[in-house]
Each structure stands twice: as C-alpha cells, then as structure tokens.
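Chemist: data-v7.cif is reproduced below (mmCIF, C-alpha atoms and all ligand atoms; chains and numbers go by the auth columns).
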```cif
data_upload
loop_
_atom_site.group_PDB
_atom_site.id
_atom_site.type_symbol
_atom_site.label_atom_id
_atom_site.label_comp_id
_atom_site.label_asym_id
_atom_site.label_seq_id
_atom_site.Cartn_x
_atom_site.Cartn_y
_atom_site.Cartn_z
_atom_site.B_iso_or_equiv
_atom_site.auth_seq_id
_atom_site.auth_asym_id
ATOM 1 C CA MET A 1 -10.989 14.404 8.840 0.00 135 Y
ATOM 2 C CA ARG A 2 -10.409 10.654 8.896 0.00 136 Y
ATOM 3 C CA MET A 3 -12.941 10.191 6.090 0.00 137 Y
ATOM 4 C CA LEU A 4 -11.200 12.876 4.089 0.00 138 Y
ATOM 5 C CA ARG A 5 -7.857 11.121 4.554 0.00 139 Y
ATOM 6 C CA ALA A 6 -9.349 7.776 3.540 0.00 140 Y
ATOM 7 C CA LEU A 7 -10.902 9.393 0.485 0.00 141 Y
ATOM 8 C CA SER A 8 -7.653 11.050 -0.538 0.00 142 Y
ATOM 9 C CA ALA A 9 -5.802 7.737 -0.124 0.00 143 Y
ATOM 10 C CA ARG A 10 -8.427 6.073 -2.359 0.00 144 Y
ATOM 11 C CA LEU A 11 -8.037 8.800 -4.971 0.00 145 Y
ATOM 12 C CA ALA A 12 -4.237 8.531 -4.842 0.00 146 Y
ATOM 13 C CA ALA A 13 -4.445 4.763 -5.345 0.00 147 Y
ATOM 14 C CA LEU A 14 -6.774 5.340 -8.280 0.00 148 Y
ATOM 15 C CA ALA A 15 -4.383 7.905 -9.785 0.00 149 Y
ATOM 16 C CA ASP A 16 -1.521 5.411 -9.333 0.00 150 Y
ATOM 17 C CA ALA A 17 -3.483 2.787 -11.220 0.00 151 Y
ATOM 18 C CA CYS A 18 -4.309 5.175 -14.074 0.00 152 Y
ATOM 19 C CA LEU A 19 -0.780 6.487 -14.624 0.00 153 Y
ATOM 20 C CA PRO A 20 1.189 5.214 -17.580 0.00 154 Y
ATOM 21 C CA ALA A 21 3.581 2.552 -16.279 0.00 155 Y
ATOM 22 C CA SER A 22 6.843 3.462 -17.952 0.00 156 Y
ATOM 23 C CA CYS A 23 10.378 3.926 -16.662 0.00 157 Y
ATOM 24 C CA ILE A 24 11.295 7.601 -16.155 0.00 158 Y
ATOM 25 C CA VAL A 25 14.812 6.929 -17.514 0.00 159 Y
ATOM 26 C CA CYS A 26 14.474 4.479 -20.443 0.00 160 Y
ATOM 27 C CA GLY A 27 10.767 4.840 -21.152 0.00 161 Y
ATOM 28 C CA GLY A 28 10.321 1.057 -21.143 0.00 162 Y
ATOM 29 C CA ASP A 29 7.308 -0.671 -19.601 0.00 163 Y
ATOM 30 C CA GLU A 30 7.790 -0.598 -15.850 0.00 164 Y
ATOM 31 C CA PRO A 31 4.966 -0.514 -13.294 0.00 165 Y
ATOM 32 C CA SER A 32 7.172 1.037 -10.580 0.00 166 Y
ATOM 33 C CA GLY A 33 8.206 3.940 -12.850 0.00 167 Y
ATOM 34 C CA LEU A 34 11.948 3.223 -12.607 0.00 168 Y
ATOM 35 C CA CYS A 35 13.230 -0.147 -13.747 0.00 169 Y
ATOM 36 C CA ALA A 36 15.851 -2.026 -11.739 0.00 170 Y
ATOM 37 C CA ALA A 37 18.342 -2.022 -14.632 0.00 171 Y
ATOM 38 C CA CYS A 38 18.121 1.767 -14.984 0.00 172 Y
ATOM 39 C CA GLU A 39 18.451 2.202 -11.221 0.00 173 Y
ATOM 40 C CA ASP A 40 21.570 0.012 -11.179 0.00 174 Y
ATOM 41 C CA ASP A 41 23.045 2.003 -14.067 0.00 175 Y
ATOM 42 C CA LEU A 42 22.685 5.366 -12.341 0.00 176 Y
ATOM 43 C CA PRO A 43 26.154 6.807 -11.618 0.00 177 Y
ATOM 44 C CA GLY A 44 27.117 6.079 -8.035 0.00 178 Y
ATOM 45 C CA SER A 45 24.129 3.774 -7.529 0.00 179 Y
ATOM 46 C CA ARG A 46 26.365 1.005 -6.195 0.00 180 Y
ATOM 47 C CA ALA A 47 29.223 3.141 -4.894 0.00 181 Y
ATOM 48 C CA ALA A 48 30.616 2.723 -1.377 0.00 182 Y
ATOM 49 C CA ARG A 49 29.396 5.680 0.666 0.00 183 Y
ATOM 50 C CA CYS A 50 29.851 7.082 4.131 0.00 184 Y
ATOM 51 C CA PRO A 51 26.765 5.821 6.030 0.00 185 Y
ATOM 52 C CA ARG A 52 26.504 9.149 7.827 0.00 186 Y
ATOM 53 C CA CYS A 53 26.704 11.686 4.968 0.00 187 Y
ATOM 54 C CA ALA A 54 26.542 9.455 1.850 0.00 188 Y
ATOM 55 C CA MET A 55 29.714 10.941 0.421 0.00 189 Y
ATOM 56 C CA ARG A 56 31.479 8.408 -1.760 0.00 190 Y
ATOM 57 C CA THR A 57 34.281 6.620 0.057 0.00 191 Y
ATOM 58 C CA THR A 58 36.982 4.189 -0.935 0.00 192 Y
ATOM 59 C CA PRO A 59 36.362 0.977 0.962 0.00 193 Y
ATOM 60 C CA LEU A 60 39.261 0.286 3.341 0.00 194 Y
ATOM 61 C CA ALA A 61 41.280 -2.813 2.616 0.00 195 Y
ATOM 62 C CA GLY A 62 40.589 -5.625 5.058 0.00 196 Y
ATOM 63 C CA ARG A 63 37.275 -4.177 6.170 0.00 197 Y
ATOM 64 C CA GLU A 64 34.348 -6.555 5.891 0.00 198 Y
ATOM 65 C CA ALA A 65 31.656 -5.691 3.396 0.00 199 Y
ATOM 66 C CA GLY A 66 28.582 -4.489 5.252 0.00 200 Y
ATOM 67 C CA ASP A 67 30.695 -2.690 7.818 0.00 201 Y
ATOM 68 C CA PRO A 68 31.118 0.661 6.110 0.00 202 Y
ATOM 69 C CA ALA A 69 33.229 3.288 7.823 0.00 203 Y
ATOM 70 C CA GLU A 70 32.259 6.914 8.249 0.00 204 Y
ATOM 71 C CA CYS A 71 34.266 9.381 6.198 0.00 205 Y
ATOM 72 C CA ALA A 72 37.019 11.487 7.754 0.00 206 Y
ATOM 73 C CA ALA A 73 34.844 14.618 7.685 0.00 207 Y
ATOM 74 C CA CYS A 74 32.059 12.906 9.673 0.00 208 Y
ATOM 75 C CA VAL A 75 34.543 11.471 12.168 0.00 209 Y
ATOM 76 C CA ALA A 76 36.153 14.906 12.670 0.00 210 Y
ATOM 77 C CA THR A 77 32.850 16.812 12.895 0.00 211 Y
ATOM 78 C CA PRO A 78 29.911 14.465 13.457 0.00 212 Y
ATOM 79 C CA PRO A 79 26.800 15.822 11.718 0.00 213 Y
ATOM 80 C CA SER A 80 23.484 16.157 13.567 0.00 214 Y
ATOM 81 C CA PHE A 81 21.943 13.446 11.390 0.00 215 Y
ATOM 82 C CA ALA A 82 22.654 9.765 12.057 0.00 216 Y
ATOM 83 C CA ARG A 83 22.491 8.438 8.498 0.00 217 Y
ATOM 84 C CA THR A 84 22.055 9.464 4.888 0.00 218 Y
ATOM 85 C CA ILE A 85 20.638 7.239 2.178 0.00 219 Y
ATOM 86 C CA VAL A 86 20.792 8.289 -1.467 0.00 220 Y
ATOM 87 C CA LEU A 87 19.817 6.641 -4.739 0.00 221 Y
ATOM 88 C CA ALA A 88 22.785 7.819 -6.790 0.00 222 Y
ATOM 89 C CA ASP A 89 25.037 10.726 -7.746 0.00 223 Y
ATOM 90 C CA TYR A 90 23.523 13.971 -8.957 0.00 224 Y
ATOM 91 C CA ALA A 91 24.532 13.300 -12.546 0.00 225 Y
ATOM 92 C CA ALA A 92 22.911 12.295 -15.834 0.00 226 Y
ATOM 93 C CA PRO A 93 20.292 10.955 -16.208 0.00 227 Y
ATOM 94 C CA LEU A 94 19.042 11.488 -12.643 0.00 228 Y
ATOM 95 C CA ASP A 95 19.779 15.234 -12.801 0.00 229 Y
ATOM 96 C CA ARG A 96 17.469 15.500 -15.802 0.00 230 Y
ATOM 97 C CA VAL A 97 14.705 13.654 -13.945 0.00 231 Y
ATOM 98 C CA VAL A 98 15.081 15.793 -10.813 0.00 232 Y
ATOM 99 C CA HIS A 99 15.160 18.947 -12.938 0.00 233 Y
ATOM 100 C CA ALA A 100 12.011 17.894 -14.773 0.00 234 Y
ATOM 101 C CA LEU A 101 10.303 17.215 -11.461 0.00 235 Y
ATOM 102 C CA LYS A 102 11.414 20.530 -9.979 0.00 236 Y
ATOM 103 C CA PHE A 103 10.821 22.908 -12.851 0.00 237 Y
ATOM 104 C CA GLY A 104 8.575 20.954 -15.179 0.00 238 Y
ATOM 105 C CA ARG A 105 5.838 20.890 -12.550 0.00 239 Y
ATOM 106 C CA ASP A 106 5.426 17.187 -13.219 0.00 240 Y
ATOM 107 C CA ALA A 107 4.765 15.880 -9.732 0.00 241 Y
ATOM 108 C CA SER A 108 4.165 12.348 -11.041 0.00 242 Y
ATOM 109 C CA LEU A 109 7.963 11.886 -11.377 0.00 243 Y
ATOM 110 C CA ALA A 110 8.167 12.004 -7.587 0.00 244 Y
ATOM 111 C CA ARG A 111 6.393 8.691 -7.194 0.00 245 Y
ATOM 112 C CA PRO A 112 8.991 6.343 -8.724 0.00 246 Y
ATOM 113 C CA LEU A 113 11.793 8.286 -7.026 0.00 247 Y
ATOM 114 C CA GLY A 114 10.120 8.098 -3.620 0.00 248 Y
ATOM 115 C CA ARG A 115 9.404 4.387 -3.985 0.00 249 Y
ATOM 116 C CA ARG A 116 12.935 3.496 -5.072 0.00 250 Y
ATOM 117 C CA LEU A 117 14.391 5.640 -2.321 0.00 251 Y
ATOM 118 C CA ALA A 118 12.195 3.848 0.220 0.00 252 Y
ATOM 119 C CA ARG A 119 13.402 0.502 -1.067 0.00 253 Y
ATOM 120 C CA ARG A 120 16.986 1.710 -0.760 0.00 254 Y
ATOM 121 C CA ALA A 121 16.296 2.774 2.834 0.00 255 Y
ATOM 122 C CA ASP A 122 14.683 -0.545 3.837 0.00 256 Y
ATOM 123 C CA ALA A 123 17.859 -2.091 5.239 0.00 257 Y
ATOM 124 C CA ALA A 124 18.774 0.959 7.334 0.00 258 Y
ATOM 125 C CA LEU A 125 15.248 1.449 8.662 0.00 259 Y
ATOM 126 C CA GLY A 126 14.816 -2.285 9.237 0.00 260 Y
ATOM 127 C CA ALA A 127 18.014 -2.355 11.301 0.00 261 Y
ATOM 128 C CA LEU A 128 16.656 0.223 13.740 0.00 262 Y
ATOM 129 C CA PRO A 129 15.594 -1.035 17.173 0.00 263 Y
ATOM 130 C CA ALA A 130 11.859 -1.839 17.285 0.00 264 Y
ATOM 131 C CA THR A 131 11.242 1.121 19.595 0.00 265 Y
ATOM 132 C CA ALA A 132 12.749 3.491 17.005 0.00 266 Y
ATOM 133 C CA ARG A 133 10.859 1.865 14.117 0.00 267 Y
ATOM 134 C CA GLU A 134 7.588 2.431 15.953 0.00 268 Y
ATOM 135 C CA THR A 135 8.275 6.160 16.214 0.00 269 Y
ATOM 136 C CA LEU A 136 9.296 6.667 12.571 0.00 270 Y
ATOM 137 C CA VAL A 137 7.801 9.652 10.805 0.00 271 Y
ATOM 138 C CA VAL A 138 8.608 10.984 7.347 0.00 272 Y
ATOM 139 C CA THR A 139 8.948 14.671 6.553 0.00 273 Y
ATOM 140 C CA ALA A 140 10.444 16.794 3.767 0.00 274 Y
ATOM 141 C CA VAL A 141 12.745 19.783 3.513 0.00 275 Y
ATOM 142 C CA PRO A 142 10.319 22.684 3.005 0.00 276 Y
ATOM 143 C CA LEU A 143 10.639 25.184 0.190 0.00 277 Y
ATOM 144 C CA ALA A 144 10.745 28.886 0.923 0.00 278 Y
ATOM 145 C CA GLY A 145 7.284 30.456 0.616 0.00 279 Y
ATOM 146 C CA GLU A 146 7.898 32.343 -2.596 0.00 280 Y
ATOM 147 C CA ARG A 147 9.417 29.358 -4.375 0.00 281 Y
ATOM 148 C CA LEU A 148 6.481 27.227 -3.335 0.00 282 Y
ATOM 149 C CA ALA A 149 4.198 29.897 -4.793 0.00 283 Y
ATOM 150 C CA GLU A 150 6.231 29.941 -8.031 0.00 284 Y
ATOM 151 C CA ARG A 151 6.230 26.175 -8.537 0.00 285 Y
ATOM 152 C CA GLY A 152 2.945 25.265 -6.962 0.00 286 Y
ATOM 153 C CA PHE A 153 4.398 22.216 -5.229 0.00 287 Y
ATOM 154 C CA ASN A 154 7.363 21.127 -3.151 0.00 288 Y
ATOM 155 C CA GLN A 155 9.138 18.369 -5.059 0.00 289 Y
ATOM 156 C CA SER A 156 10.748 16.999 -1.866 0.00 290 Y
ATOM 157 C CA LEU A 157 7.362 16.708 -0.193 0.00 291 Y
ATOM 158 C CA GLU A 158 6.001 14.809 -3.198 0.00 292 Y
ATOM 159 C CA ILE A 159 8.970 12.398 -2.983 0.00 293 Y
ATOM 160 C CA ALA A 160 8.397 12.086 0.792 0.00 294 Y
ATOM 161 C CA ARG A 161 4.709 11.368 0.184 0.00 295 Y
ATOM 162 C CA ALA A 162 5.537 8.477 -2.179 0.00 296 Y
ATOM 163 C CA PHE A 163 8.215 7.229 0.241 0.00 297 Y
ATOM 164 C CA ALA A 164 5.850 7.237 3.216 0.00 298 Y
ATOM 165 C CA ARG A 165 2.949 5.706 1.325 0.00 299 Y
ATOM 166 C CA SER A 166 5.037 2.856 -0.072 0.00 300 Y
ATOM 167 C CA ARG A 167 6.141 1.865 3.438 0.00 301 Y
ATOM 168 C CA SER A 168 2.915 2.748 5.283 0.00 302 Y
ATOM 169 C CA LEU A 169 4.790 5.283 7.383 0.00 303 Y
ATOM 170 C CA PRO A 170 3.172 8.470 8.695 0.00 304 Y
ATOM 171 C CA LEU A 171 3.973 11.629 6.726 0.00 305 Y
ATOM 172 C CA ALA A 172 4.155 14.881 8.670 0.00 306 Y
ATOM 173 C CA HIS A 173 4.700 17.872 6.431 0.00 307 Y
ATOM 174 C CA ALA A 174 4.718 20.592 9.056 0.00 308 Y
ATOM 175 C CA LEU A 175 7.675 19.453 11.171 0.00 309 Y
ATOM 176 C CA LEU A 176 9.980 22.041 9.599 0.00 310 Y
ATOM 177 C CA VAL A 177 9.262 25.581 8.455 0.00 311 Y
ATOM 178 C CA ARG A 178 11.593 27.960 6.643 0.00 312 Y
ATOM 179 C CA LEU A 179 12.423 30.857 8.937 0.00 313 Y
ATOM 180 C CA ARG A 180 13.795 32.894 6.078 0.00 314 Y
ATOM 181 C CA PRO A 181 14.380 32.388 2.397 0.00 315 Y
ATOM 182 C CA SER A 182 17.837 31.289 1.380 0.00 316 Y
ATOM 183 C CA ALA A 183 19.603 32.432 -1.775 0.00 317 Y
ATOM 184 C CA PRO A 184 19.711 29.850 -4.576 0.00 318 Y
ATOM 185 C CA ALA A 185 22.360 27.310 -3.596 0.00 319 Y
ATOM 186 C CA SER A 186 24.157 27.502 -6.910 0.00 320 Y
ATOM 187 C CA THR A 187 25.067 31.148 -6.402 0.00 321 Y
ATOM 188 C CA LEU A 188 26.761 30.636 -3.037 0.00 322 Y
ATOM 189 C CA HIS A 189 30.062 29.124 -2.036 0.00 323 Y
ATOM 190 C CA ALA A 190 29.911 26.325 0.503 0.00 324 Y
ATOM 191 C CA HIS A 191 30.873 28.505 3.480 0.00 325 Y
ATOM 192 C CA GLU A 192 28.405 31.248 2.470 0.00 326 Y
ATOM 193 C CA ARG A 193 25.755 28.597 2.092 0.00 327 Y
ATOM 194 C CA ARG A 194 26.423 27.274 5.565 0.00 328 Y
ATOM 195 C CA ARG A 195 26.086 30.767 7.002 0.00 329 Y
ATOM 196 C CA ALA A 196 22.896 31.444 5.029 0.00 330 Y
ATOM 197 C CA LEU A 197 21.421 28.217 6.318 0.00 331 Y
ATOM 198 C CA HIS A 198 22.278 28.785 9.969 0.00 332 Y
ATOM 199 C CA GLU A 199 18.944 28.788 11.748 0.00 333 Y
ATOM 200 C CA ALA A 200 17.214 28.415 8.389 0.00 334 Y
ATOM 201 C CA PHE A 201 14.446 26.279 9.854 0.00 335 Y
ATOM 202 C CA GLY A 202 12.075 26.325 12.752 0.00 336 Y
ATOM 203 C CA ALA A 203 10.185 23.399 14.283 0.00 337 Y
ATOM 204 C CA PRO A 204 6.602 24.379 15.157 0.00 338 Y
ATOM 205 C CA LEU A 205 5.876 21.038 16.852 0.00 339 Y
ATOM 206 C CA ARG A 206 7.614 18.938 19.497 0.00 340 Y
ATOM 207 C CA VAL A 207 8.809 15.606 18.132 0.00 341 Y
ATOM 208 C CA ASP A 208 9.994 14.050 21.395 0.00 342 Y
ATOM 209 C CA GLY A 209 11.514 10.613 21.035 0.00 343 Y
ATOM 210 C CA ARG A 210 10.702 10.353 17.328 0.00 344 Y
ATOM 211 C CA THR A 211 13.038 8.976 14.669 0.00 345 Y
ATOM 212 C CA ILE A 212 12.570 11.271 11.698 0.00 346 Y
ATOM 213 C CA VAL A 213 13.220 10.562 8.035 0.00 347 Y
ATOM 214 C CA VAL A 214 13.944 13.848 6.262 0.00 348 Y
ATOM 215 C CA VAL A 215 13.446 13.588 2.501 0.00 349 Y
ATOM 216 C CA ASP A 216 15.189 15.931 0.074 0.00 350 Y
ATOM 217 C CA ASP A 217 15.655 15.886 -3.683 0.00 351 Y
ATOM 218 C CA VAL A 218 19.340 16.767 -3.975 0.00 352 Y
ATOM 219 C CA MET A 219 21.968 16.805 -1.218 0.00 353 Y
ATOM 220 C CA THR A 220 24.764 19.185 -2.180 0.00 354 Y
ATOM 221 C CA THR A 221 27.026 20.311 0.691 0.00 355 Y
ATOM 222 C CA GLY A 222 24.764 18.764 3.305 0.00 356 Y
ATOM 223 C CA ALA A 223 24.305 22.171 4.961 0.00 357 Y
ATOM 224 C CA THR A 224 20.529 22.227 4.421 0.00 358 Y
ATOM 225 C CA LEU A 225 20.077 18.751 5.899 0.00 359 Y
ATOM 226 C CA GLU A 226 22.457 19.567 8.762 0.00 360 Y
ATOM 227 C CA SER A 227 20.389 22.631 9.595 0.00 361 Y
ATOM 228 C CA ALA A 228 17.142 20.637 9.355 0.00 362 Y
ATOM 229 C CA ALA A 229 18.497 17.821 11.550 0.00 363 Y
ATOM 230 C CA GLY A 230 19.801 20.266 14.168 0.00 364 Y
ATOM 231 C CA THR A 231 16.386 21.925 14.339 0.00 365 Y
ATOM 232 C CA LEU A 232 14.594 18.574 14.721 0.00 366 Y
ATOM 233 C CA LEU A 233 16.981 17.373 17.458 0.00 367 Y
ATOM 234 C CA ARG A 234 16.358 20.613 19.368 0.00 368 Y
ATOM 235 C CA ALA A 235 12.611 19.909 18.990 0.00 369 Y
ATOM 236 C CA GLY A 236 13.150 16.580 20.779 0.00 370 Y
ATOM 237 C CA ALA A 237 13.813 14.121 17.936 0.00 371 Y
ATOM 238 C CA ALA A 238 15.707 10.999 19.030 0.00 372 Y
ATOM 239 C CA SER A 239 17.413 10.630 15.669 0.00 373 Y
ATOM 240 C CA VAL A 240 17.324 11.992 12.117 0.00 374 Y
ATOM 241 C CA ILE A 241 17.865 9.943 8.953 0.00 375 Y
ATOM 242 C CA ASN A 242 18.255 11.725 5.613 0.00 376 Y
ATOM 243 C CA CYS A 243 16.923 10.216 2.405 0.00 377 Y
ATOM 244 C CA ALA A 244 17.895 12.133 -0.714 0.00 378 Y
ATOM 245 C CA VAL A 245 17.346 11.160 -4.321 0.00 379 Y
ATOM 246 C CA ALA A 246 20.756 12.392 -5.448 0.00 380 Y
ATOM 247 C CA ARG A 247 24.080 13.389 -3.879 0.00 381 Y
ATOM 248 C CA THR A 248 26.358 15.887 -5.591 0.00 382 Y
ATOM 249 C CA PRO A 249 29.705 14.113 -6.000 0.00 383 Y
ATOM 250 C CA ASP A 250 32.683 15.624 -4.180 0.00 384 Y
ATOM 251 C CA ARG A 251 34.531 18.109 -6.358 0.00 385 Y
HETATM 252 ZN ZN ZN B . 14.426 1.956 -17.302 0.00 401 O
HETATM 253 ZN ZN ZN B . 30.580 11.198 6.021 0.00 402 O
#
```
Kindly return the structure encoded in the file as structure tokens.
Modeler:
Amino acid sequence: MRMLRALSARLAALADACLPASCIVCGGDEPSGLCAACEDDLPGSRAARCPRCAMRTTPLAGREAGDPAECAACVATPPSFARTIVLADYAAPLDRVVHALKFGRDASLARPLGRRLARRADAALGALPATARETLVVTAVPLAGERLAERGFNQSLEIARAFARSRSLPLAHALLVRLRPSAPASTLHAHERRRALHEAFGAPLRVDGRTIVVVDDVMTTGATLESAAGTLLRAGAASVINCAVARTPDR
C-alpha cells in the first residue's frame, strides 16, 4: 500500500513536469498554471470578505486592516464552519474555468486552482494553533453517485488533491458520503436547497479532534458546506475550514 502510494506520487510528479506550463486564464507561460496578474484581476480577488462565510463585506470605518468582522448573517446565525477562504467571485473568467473543469472532463485544470487556493489559505492555516495544524486533513465535497458516474471524476476532489499535495497535507476522500442525491442547485430556490441538503451527507469515519479543510469548487448559498461541516462536527471534528475556488456574489 505504501509502495503504491509512493509510486502514484512519483507518477503525479512526473505528470506535473510533463504538463504544458501555461496560465489557464491568459494562456501565457506560467509554471503554476495561473499567473499572479490573472489571479489579482479575478473579480472579487481582493475584496473584503466575511472570514466566516466569505461573503463580500464593506470594511467598517475605523476598523484596522487585518481585523475583518464577520457579516451580520454569520453573527445572527453562526455557521457550523469556522472559516471560508475563496479565490474570487464566481464570475468571468473563473466561471469559464470551473465550467471547463466540471463538464469538459479536463481534470488538469484542478491543479492550478488547488495550488492557488492553498496559497490563499496559507495565512489562515498558519494562524491556527500548532495542535490544530498537526491535525489538519483535507477532504472534498463528494458528488452524488450518478453524477460521478456521468463525469468520471469529482472536480472538487481533484482541487483538494492539488491543495493537499502542494502543502504536504493528508488528503482523506472518504470523510463525507452523499446520503441521497440532491437536485441540481440551479433549479432550486435557496430555502428549497437548504431543505434538500438537510442531512445530505454522512460521515463513515470518526474524525475526533481533527481540523478539517473541506474543498469545494463553487460556494453558492453555503448550504452544501454548512451541511458538510455539521456532519463533520457530529463525527468529532474540532473545526471545519472551507476552501472554495469561487463564491457566488450576493444577489
Ligand atoms: Zn495569466
Ligand atoms: Zn459571514
């Protein structure tokens, strides 16, 4: 088993080295797959956000930079997750990249997204107490069985894999399982979505005392990640941190 893992890590490194090194947004030469200029230009990339749910916030006058306040919604109803880190808004050109990853079956797009997301999460993860950092484990929001069969891969898991590998963190892909399929998010209103997602996940393993990074591609209402975090806390997790590539802006 250990040999197999070592071999697969070697193969992955080899595949990394063989991949064309161009930016997924501008197409320019870029070994990381997403150049810093393109990342900075993504809508909402540098926006002030609620540290808890990553919704865009207006910074309060007089408040020191680096001391971001939680949004009113998180203060009124604290979510199960402790933090949410996102790269940018779910808008062009990131929406096109995520769409291509999801439906174009091009798993290689996950690598630059996972790496950049990990870099974005460095400060938050680095600020954790040492005891929490030692228990960190990365997982992904699972796809429903039939969608996994349709697409052949779970885009969030591929992003999580790149995230974990770039920071030498353990990846555990079986921490969450879908208990039942949910209707496509776009066809449901927010409150219907919340109901559909209630008890959407199960946790087959205990994760006592662990700090868990849950990776997702797009955070829309936050209901999926709320459901996932609630499930993980009930399975013993000490804390849950969401890392999503894109956040749908508030409408
Ligand atoms: Zn670029
Ligand atoms: Zn919030």
Chemist: Kindly give the distance, in Å, that separates CA of Pro227 in chain Y and CA of Asp163 in chain Y, rounded to a single decimal.
Modeler: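 Answer for the CA of Pro227 in chain Y to CA of Asp163 in chain Y separation: 17.8 Å.
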Chemist: Rank nothing, just name the residue among Y:Ala181, Y:Ala155, Y:Ala207, Y:Val311 nearest to ligand ZN 402 (chain O), using all atoms listed in the file.
Modeler: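 Selected residue with least distance to ligand ZN 402 (chain O): Y:Ala207.
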Chemist: Within 12 Å of (14.1, 3.6, 12.7) (coordinates as in the file), grab all the protein and nucleic acid residues, counting only C-alpha atoms, and write them out as a PyMOL selection string.
Modeler: chain Y and resi 216-217+255-272+303+343-347+371-376
Chemist: Let me have all residues with an atom within 7 Å of ligand ZN 402 (chain O), counting all atoms listed in the file, laid out as a list in words.
Modeler: Cys184, Pro185, Arg186, Cys187, Ala188, Met189, Glu204, Cys205, Ala206, Ala207 and Cys208 of chain Y
Chemist: I'd like a table as a Markdown table: residues in chain Y with an atom no more than 12 Å from ligand ZN 401 (chain O), each row giving the shortest atom pair and its distance in Å to one decimal, all atoms listed in the file counted, sorted by chain and rising residue number.
Modeler:
```
| residue | atom | partner | partner_atom | distance |
| --- | --- | --- | --- | --- |
| Y:Ala155 | CA | O:ZN401 | ZN | 10.9 |
| Y:Ser156 | CA | O:ZN401 | ZN | 7.8 |
| Y:Cys157 | CA | O:ZN401 | ZN | 4.5 |
| Y:Ile158 | CA | O:ZN401 | ZN | 6.6 |
| Y:Val159 | CA | O:ZN401 | ZN | 5.0 |
| Y:Cys160 | CA | O:ZN401 | ZN | 4.0 |
| Y:Gly161 | CA | O:ZN401 | ZN | 6.0 |
| Y:Gly162 | CA | O:ZN401 | ZN | 5.7 |
| Y:Asp163 | CA | O:ZN401 | ZN | 7.9 |
| Y:Glu164 | CA | O:ZN401 | ZN | 7.3 |
| Y:Pro165 | CA | O:ZN401 | ZN | 10.6 |
| Y:Ser166 | CA | O:ZN401 | ZN | 9.9 |
| Y:Gly167 | CA | O:ZN401 | ZN | 7.9 |
| Y:Leu168 | CA | O:ZN401 | ZN | 5.5 |
| Y:Cys169 | CA | O:ZN401 | ZN | 4.3 |
| Y:Ala170 | CA | O:ZN401 | ZN | 7.0 |
| Y:Ala171 | CA | O:ZN401 | ZN | 6.2 |
| Y:Cys172 | CA | O:ZN401 | ZN | 4.4 |
| Y:Glu173 | CA | O:ZN401 | ZN | 7.3 |
| Y:Asp174 | CA | O:ZN401 | ZN | 9.6 |
| Y:Asp175 | CA | O:ZN401 | ZN | 9.2 |
| Y:Leu176 | CA | O:ZN401 | ZN | 10.2 |
| Y:Pro227 | CA | O:ZN401 | ZN | 10.8 |
| Y:Leu228 | CA | O:ZN401 | ZN | 11.6 |
| Y:Pro246 | CA | O:ZN401 | ZN | 11.1 |
```
Chemist: Could you pull the residues within 9 Å of Leu243 in chain Y, counting only C-alpha atoms, minus those fewer than 6 positions along the same chain, as a CSV table (one decimal) with C-alpha atoms, in the coordinates of the input?
Modeler:
```csv
chain,number,residue,atom,x,y,z
Y,158,ILE,CA,11.3,7.6,-16.2
Y,167,GLY,CA,8.2,3.9,-12.8
Y,231,VAL,CA,14.7,13.7,-13.9
Y,232,VAL,CA,15.1,15.8,-10.8
Y,234,ALA,CA,12.0,17.9,-14.8
Y,235,LEU,CA,10.3,17.2,-11.5
Y,292,GLU,CA,6.0,14.8,-3.2
Y,293,ILE,CA,9.0,12.4,-3.0
```
Chemist: Let me make sure I understand: among Y:Ser361, Y:Cys377, Y:Thr211, Y:Gly178, which one has the smallest atom-to-atom distance to Arg250 in chain Y if we use only C-alpha atoms?
Modeler: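 Selected residue with least distance to Arg250 in chain Y: Y:Cys377.
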Chemist: List as an MDAnalysis selection string the protein and nucleic acid residues near Gly286 in chain Y, meaning an atom at most 12 Å away when all atoms listed in the file are counted, but skip any in the same chain fewer than 3 places from it.
Modeler: chainID Y and resid 235:241 277:283 289 291:292
Chemist: Please indicate the distance in Å from CA of Ala274 in chain Y to CA of His307 in chain Y, rounded to one decimal place.
Modeler: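 If I compute the distance from CA of Ala274 in chain Y to CA of His307 in chain Y, I get 6.4 Å.
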